[in-house]
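*Asks:* Just so it is clear, I am handing over upload39.txt, which has compact mmCIF, C-alpha atoms and all ligand atoms.
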# COMPACT_ATOMS: atom_id res chain seq x y z
CA MET G 885 25.09 -157.67 6.29
CA SER G 886 23.91 -160.11 8.94
CA LYS G 887 25.19 -163.54 9.89
CA THR G 888 23.03 -166.41 11.17
CA MET G 889 23.62 -170.12 11.67
CA LEU G 890 21.29 -172.78 10.26
CA ASN G 891 21.45 -176.48 10.94
CA ILE G 892 20.74 -178.26 7.67
CA SER G 893 20.88 -182.06 7.56
CA GLY G 894 23.10 -181.98 10.65
CA ILE G 895 25.54 -179.55 9.10
CA GLN G 896 26.14 -176.07 10.54
CA VAL G 897 25.71 -173.51 7.80
CA GLU G 898 26.73 -169.90 8.23
CA VAL G 899 24.33 -167.64 6.35
CA THR G 900 25.26 -164.10 5.41
CA ARG G 901 22.51 -161.95 3.95
CA LYS G 902 23.68 -159.15 1.75
CA ASN G 903 22.72 -157.02 -1.16
CA ILE G 904 23.15 -159.65 -3.89
CA LYS G 905 20.88 -161.25 -6.46
CA ASN G 906 21.75 -164.93 -6.30
CA MET G 907 22.46 -167.38 -3.55
CA HIS G 908 25.99 -168.66 -3.29
CA LEU G 909 27.06 -171.79 -1.44
CA SER G 910 30.64 -172.65 -0.56
CA VAL G 911 32.66 -175.03 1.57
CA LYS G 912 35.79 -173.31 2.76
CA PRO G 913 39.27 -174.36 3.77
CA PRO G 914 40.90 -175.29 5.98
CA ASN G 915 38.12 -177.06 7.91
CA GLY G 916 35.26 -177.35 5.45
CA LYS G 917 33.15 -174.57 6.92
CA VAL G 918 29.87 -174.29 4.99
CA THR G 919 28.72 -170.79 4.13
CA VAL G 920 25.85 -169.35 2.16
CA SER G 921 25.59 -165.80 0.87
CA ALA G 922 21.97 -164.96 0.25
CA PRO G 923 19.91 -161.99 -0.89
CA ILE G 924 18.55 -159.95 2.03
CA GLN G 925 14.91 -161.00 1.51
CA MET G 926 15.60 -164.75 1.29
CA THR G 927 13.81 -166.80 3.98
CA ASP G 928 15.51 -169.49 6.06
CA ASP G 929 13.23 -172.07 4.43
CA ALA G 930 14.34 -171.12 0.94
CA ILE G 931 17.98 -171.29 2.01
CA ASP G 932 17.35 -174.67 3.63
CA ARG G 933 15.85 -176.03 0.40
CA PHE G 934 18.70 -174.61 -1.66
CA VAL G 935 21.36 -176.28 0.49
CA ARG G 936 19.47 -179.60 0.69
CA ILE G 937 19.46 -179.89 -3.10
CA LYS G 938 23.24 -179.68 -3.03
CA ILE G 939 23.81 -181.63 0.18
CA GLY G 940 25.63 -184.47 -1.60
CA TRP G 941 28.16 -182.05 -3.02
CA VAL G 942 28.54 -180.28 0.35
CA LYS G 943 29.26 -183.56 2.14
CA ARG G 944 31.80 -184.60 -0.46
CA GLN G 945 33.60 -181.25 -0.11
CA ILE G 946 33.68 -181.54 3.70
CA ALA G 947 35.05 -185.08 3.42
CA LYS G 948 37.80 -183.83 1.12
CA PHE G 949 38.98 -181.28 3.67
CA GLU G 950 38.86 -183.86 6.44
CA MET G 951 41.02 -186.24 4.43
CA GLN G 952 43.60 -183.66 3.54
CA PRO G 953 46.54 -183.80 5.91
CA ARG G 954 47.41 -180.34 7.10
CA GLN G 955 50.33 -178.91 8.89
CA SER G 956 49.66 -176.93 12.02
CA LYS G 957 50.10 -173.19 11.88
CA ARG G 958 53.72 -172.22 11.39
CA GLU G 959 55.78 -170.09 13.72
CA TYR G 960 59.04 -170.09 11.77
CA VAL G 961 61.13 -171.48 14.58
CA SER G 962 63.84 -174.16 14.55
CA GLY G 963 62.56 -177.70 14.24
CA GLU G 964 59.74 -177.00 11.84
CA THR G 965 59.86 -178.64 8.44
CA LEU G 966 59.84 -176.95 5.08
CA TYR G 967 59.13 -178.56 1.73
CA VAL G 968 60.93 -177.39 -1.37
CA TRP G 969 60.29 -179.11 -4.70
CA GLY G 970 59.02 -182.19 -2.89
CA LYS G 971 61.95 -182.54 -0.55
CA GLN G 972 61.67 -182.10 3.19
CA TYR G 973 64.04 -179.77 5.04
CA TYR G 974 64.44 -179.06 8.73
CA MET G 975 64.30 -175.42 9.58
CA ARG G 976 67.04 -173.84 11.64
CA VAL G 977 66.40 -170.26 12.59
CA GLU G 978 69.37 -167.98 13.13
CA HIS G 979 69.44 -164.28 13.83
CA SER G 980 70.88 -161.77 11.45
CA ASN G 981 70.16 -158.26 10.26
CA ARG G 982 69.80 -159.52 6.74
CA ASN G 983 67.07 -162.03 5.87
CA SER G 984 68.07 -165.14 3.97
CA LEU G 985 67.01 -168.73 3.48
CA ILE G 986 69.61 -171.24 2.42
CA LEU G 987 69.15 -174.95 1.77
CA GLN G 988 72.03 -177.05 3.00
CA ASN G 989 71.79 -180.84 2.95
CA ASN G 990 68.56 -181.50 4.85
CA ASN G 991 68.49 -178.13 6.54
CA ALA G 992 66.78 -174.91 5.65
CA ILE G 993 68.69 -172.18 7.41
CA LEU G 994 66.47 -169.19 7.88
CA LYS G 995 68.21 -166.00 8.95
CA VAL G 996 65.96 -163.27 10.25
CA ARG G 997 66.14 -160.37 12.66
CA GLU G 998 65.77 -161.53 16.24
CA GLU G 999 62.78 -159.30 16.91
CA SER G 1000 60.97 -160.22 13.67
CA THR G 1001 57.36 -161.32 14.04
CA VAL G 1002 55.87 -164.56 12.69
CA LYS G 1003 54.13 -162.48 10.03
CA GLN G 1004 57.37 -160.90 8.87
CA ARG G 1005 59.11 -164.28 8.71
CA GLU G 1006 56.18 -165.75 6.88
CA SER G 1007 56.16 -163.00 4.30
CA PHE G 1008 59.91 -163.38 3.75
CA VAL G 1009 59.59 -167.15 3.23
CA ARG G 1010 56.61 -166.65 0.95
CA GLU G 1011 58.54 -164.26 -1.28
CA TRP G 1012 61.45 -166.68 -1.25
CA TYR G 1013 59.13 -169.41 -2.58
CA ARG G 1014 57.81 -166.97 -5.14
CA GLY G 1015 61.34 -166.42 -6.45
CA LEU G 1016 61.91 -170.17 -6.80
CA LEU G 1017 58.58 -170.74 -8.49
CA LYS G 1018 58.96 -167.85 -10.92
CA ALA G 1019 62.37 -169.09 -12.03
CA GLU G 1020 60.91 -172.51 -12.81
CA ILE G 1021 57.83 -171.15 -14.56
CA ALA G 1022 60.05 -168.92 -16.68
CA ARG G 1023 61.83 -172.07 -17.82
CA LEU G 1024 58.91 -174.50 -18.07
CA LEU G 1025 56.04 -172.42 -19.38
CA PRO G 1026 57.83 -171.62 -22.71
CA LYS G 1027 58.80 -175.29 -22.94
CA TRP G 1028 55.16 -176.43 -22.71
CA GLU G 1029 53.95 -173.63 -24.93
CA GLN G 1030 56.32 -174.88 -27.57
CA ILE G 1031 55.33 -178.52 -27.18
CA THR G 1032 51.60 -177.81 -27.32
CA GLU G 1033 51.74 -174.80 -29.63
CA LEU G 1034 49.44 -173.04 -27.18
CA LYS G 1035 50.34 -169.56 -25.96
CA SER G 1036 49.57 -167.87 -22.69
CA ALA G 1037 49.64 -164.11 -22.34
CA GLY G 1038 51.83 -164.39 -19.28
CA TYR G 1039 51.50 -165.57 -15.70
CA ARG G 1040 51.13 -164.48 -12.10
CA THR G 1041 51.96 -166.26 -8.89
CA GLN G 1042 49.60 -166.13 -5.97
CA TYR G 1043 49.14 -167.73 -2.58
CA MET G 1044 46.01 -169.89 -2.76
CA THR G 1045 44.62 -172.52 -0.44
CA THR G 1046 42.28 -174.49 -2.66
CA ARG G 1047 43.56 -174.39 -6.21
CA TRP G 1048 46.87 -175.09 -7.90
CA GLY G 1049 46.31 -172.91 -10.88
CA THR G 1050 43.69 -170.95 -12.72
CA CYS G 1051 43.53 -169.41 -16.14
CA ASN G 1052 41.65 -166.48 -17.46
CA LEU G 1053 40.52 -167.35 -20.97
CA LYS G 1054 39.73 -163.71 -21.76
CA THR G 1055 43.15 -162.33 -20.90
CA GLY G 1056 45.18 -165.51 -21.43
CA ILE G 1057 46.89 -165.02 -18.06
CA ILE G 1058 47.64 -168.11 -15.97
CA ARG G 1059 47.85 -167.91 -12.18
CA PHE G 1060 49.97 -170.38 -10.27
CA ASN G 1061 49.67 -171.25 -6.60
CA LEU G 1062 52.86 -170.32 -4.74
CA GLN G 1063 52.65 -173.61 -2.90
CA LEU G 1064 53.61 -175.43 -6.08
CA ALA G 1065 57.23 -174.67 -5.13
CA LYS G 1066 56.77 -177.17 -2.28
CA LYS G 1067 55.69 -180.02 -4.55
CA PRO G 1068 57.80 -182.27 -6.77
CA PRO G 1069 58.74 -180.38 -9.97
CA GLU G 1070 56.58 -182.58 -12.21
CA CYS G 1071 53.55 -181.20 -10.38
CA LEU G 1072 54.31 -177.73 -11.72
CA GLU G 1073 54.65 -179.17 -15.22
CA TYR G 1074 51.30 -180.88 -14.82
CA VAL G 1075 49.60 -177.64 -13.73
CA ILE G 1076 51.19 -175.73 -16.60
CA LEU G 1077 49.90 -178.24 -19.13
CA HIS G 1078 46.49 -178.39 -17.43
CA GLU G 1079 46.04 -174.62 -17.64
CA LEU G 1080 47.32 -174.46 -21.23
CA ALA G 1081 44.87 -177.23 -22.17
CA HIS G 1082 42.07 -174.93 -21.03
CA PHE G 1083 42.92 -172.69 -23.97
CA ILE G 1084 41.61 -175.54 -26.13
CA GLU G 1085 38.78 -176.66 -23.87
CA ARG G 1086 37.21 -174.70 -21.03
CA THR G 1087 35.82 -177.68 -19.07
CA HIS G 1088 37.35 -180.97 -17.94
CA ASN G 1089 35.48 -182.99 -20.54
CA ALA G 1090 36.67 -185.84 -22.78
CA ARG G 1091 38.30 -183.43 -25.21
CA PHE G 1092 40.27 -181.86 -22.38
CA VAL G 1093 41.34 -185.28 -21.07
CA ALA G 1094 42.46 -186.27 -24.56
CA VAL G 1095 44.79 -183.26 -24.68
CA MET G 1096 46.26 -184.21 -21.31
CA ASP G 1097 46.68 -187.83 -22.38
CA GLU G 1098 48.41 -186.82 -25.57
CA TYR G 1099 51.08 -184.64 -23.96
CA MET G 1100 51.41 -186.17 -20.48
CA PRO G 1101 50.30 -189.81 -20.34
CA MET G 1102 51.23 -189.97 -16.61
CA TRP G 1103 49.15 -186.95 -15.60
CA ARG G 1104 46.75 -188.94 -13.42
CA GLU G 1105 49.58 -190.19 -11.21
CA ILE G 1106 51.04 -186.71 -10.93
CA LYS G 1107 47.66 -185.25 -10.05
CA LYS G 1108 47.35 -187.84 -7.26
CA THR G 1109 50.76 -186.86 -5.88
CA LEU G 1110 49.80 -183.23 -6.00
CA ASN G 1111 46.58 -183.67 -4.10
CA SER G 1112 47.76 -186.23 -1.59
CA GLN G 1113 50.53 -184.07 -0.21
CA ILE G 1114 50.19 -181.65 2.62
CA LEU G 1115 48.73 -178.32 1.66
CA ASP G 1116 49.95 -176.22 4.50
CA TYR G 1117 50.19 -172.74 5.77
CA MET G 1118 53.08 -170.66 4.61
ZN ZN T 1201 41.06 -177.07 -14.87
So that I can check it, write out the structure of this file as structure tokens.
*Replies:*
Amino acid sequence: MSKTMLNISGIQVEVTRKNIKNMHLSVKPPNGKVTVSAPIQMTDDAIDRFVRIKIGWVKRQIAKFEMQPRQSKREYVSGETLYVWGKQYYMRVEHSNRNSLILQNNNAILKVREESTVKQRESFVREWYRGLLKAEIARLLPKWEQITELKSAGYRTQYMTTRWGTCNLKTGIIRFNLQLAKKPPECLEYVILHELAHFIERTHNARFVAVMDEYMPMWREIKKTLNSQILDYM
């Protein structure tokens, strides 16, 4: 595996050559870094041509990341803010031998061991979000399955930085982004319906949109809310 940098149309592209068959281009969060994985034998010229064909898409992806407001890296100290179901809380860190996170008025009181590292605090808060999210999915997924008469084979929760949900049409399992627990509750309902709708239609074509329109006429507004809010570190 070797990494090189290419400047293509004024954009820095990190190229990794490895033992693969096809070229793969991606624009990665959080800053819109452009990377290409390419077969070992591929010349720089061929990579350059490949990226240029898709340059419009690359620029749009970069612009998306630039527009997205992002919170700076968390340290889990007092004064930071925490979003839960769309509401903002101010974090107050206290020391205790038993970890807990309690919401009280506008405060999120995080109790952790004094010597705990940022990583340990982060993983505690992440699991706390997971608990909240799972409880809501357990309530809302059956509700939407009943309304739509579509059935999933179950769900998983996962920390993701670019997607709110995914579904595996082969297994019928839906994956939900843990960060949905930070967004207003209707966003979770929207993602549930969106993923269920994929059981009818794989792509986001007119048929898919018709399903969304039928069950959730306001889905476009909710989608806007979902994507306009801060997608942060947790
Ligand atoms: Zn989709």
*Asks:* Would you work out the distance separating CA of Met889 in chain G from CA of Met926 in chain G, expressed in Å to one decimal?
*Replies:* 14.2 Å
*Asks:* Pick out the residues sitting within 12 Å of range 961-974 of chain G, and hand them over as a VMD selection string; count all atoms listed in the file, and ignore anything fewer than 5 positions along from it in its own chain.
*Replies:* chain G and resid 955 to 956 979 985 to 996 998 1000 to 1002 1005 to 1006 1009 to 1010 1012 to 1014 1016 to 1017 1020 1062 to 1073 1109 to 1110 1113 to 1118
*Asks:* Could you give me, as a PyMOL selection string, every polymer residue with an atom at most 12 Å away from an atom of ligand ZN 1201 (chain T), counting only C-alpha atoms and all ligand atoms?
*Replies:* chain G and resi 1047-1053+1058-1059+1074-1089+1092-1093+1096+1107
*Asks:* Give the answer as one residue: which of G:Ile1106, G:Val1095, G:Ala1019, G:Val911 has the shortest atom-to-atom distance to Ala947 in chain G, using all atoms listed in the file?
*Replies:*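 Counting all atoms listed in the file, the residue closest to Ala947 in chain G is G:Val911.
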*Asks:* In Å, rounded to a single decimal, give me how far CA of Ser921 in chain G is from CA of Arg1040 in chain G.
*Replies:*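 Straight-line distance from CA of Arg1040 in chain G to CA of Ser921 in chain G works out to 28.7 Å.
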*Asks:* Axis-aligned box over every listed atom of range 993-1010 of chain G, padded by 3 Å per side: centre and edges in Å to one decimal, as JSON?
*Replies:*
{"center_x": 61.4, "center_y": -165.7, "center_z": 8.9, "size_x": 20.6, "size_y": 18.9, "size_z": 22.0}
*Asks:* What lies within 7 Å of range 1031-1038 of chain G using all atoms listed in the file, ignoring chain neighbours under 2 positions off, as a list of chain:residue names?
*Replies:* G:Lys1027, G:Trp1028, G:Glu1029, G:Thr1055, G:Gly1056, G:Ile1057, G:Ile1058, G:Leu1080
*Asks:* Name all residues at most 9 Å from range 931-944 of chain G (count all atoms listed in the file; drop same-chain ones fewer than 5 positions away) and give them as number ranges by chain.
*Replies:* G: 890-893, 895, 897, 899, 907, 909-911, 916, 918, 920, 922, 926, 949
*Asks:* Just C-alpha atoms for this one: save the residues we selected as a PDB file, in the coordinates of the input.
*Replies:*
ATOM      1  CA  LEU G 890      21.290-172.780  10.260  1.00  0.00           C
ATOM      2  CA  ASN G 891      21.450-176.480  10.940  1.00  0.00           C
ATOM      3  CA  ILE G 892      20.740-178.260   7.670  1.00  0.00           C
ATOM      4  CA  SER G 893      20.880-182.060   7.560  1.00  0.00           C
ATOM      5  CA  ILE G 895      25.540-179.550   9.100  1.00  0.00           C
ATOM      6  CA  VAL G 897      25.710-173.510   7.800  1.00  0.00           C
ATOM      7  CA  VAL G 899      24.330-167.640   6.350  1.00  0.00           C
ATOM      8  CA  MET G 907      22.460-167.380  -3.550  1.00  0.00           C
ATOM      9  CA  LEU G 909      27.060-171.790  -1.440  1.00  0.00           C
ATOM     10  CA  SER G 910      30.640-172.650  -0.560  1.00  0.00           C
ATOM     11  CA  VAL G 911      32.660-175.030   1.570  1.00  0.00           C
ATOM     12  CA  GLY G 916      35.260-177.350   5.450  1.00  0.00           C
ATOM     13  CA  VAL G 918      29.870-174.290   4.990  1.00  0.00           C
ATOM     14  CA  VAL G 920      25.850-169.350   2.160  1.00  0.00           C
ATOM     15  CA  ALA G 922      21.970-164.960   0.250  1.00  0.00           C
ATOM     16  CA  MET G 926      15.600-164.750   1.290  1.00  0.00           C
ATOM     17  CA  PHE G 949      38.980-181.280   3.670  1.00  0.00           C
TER      18      PHE G 949
END
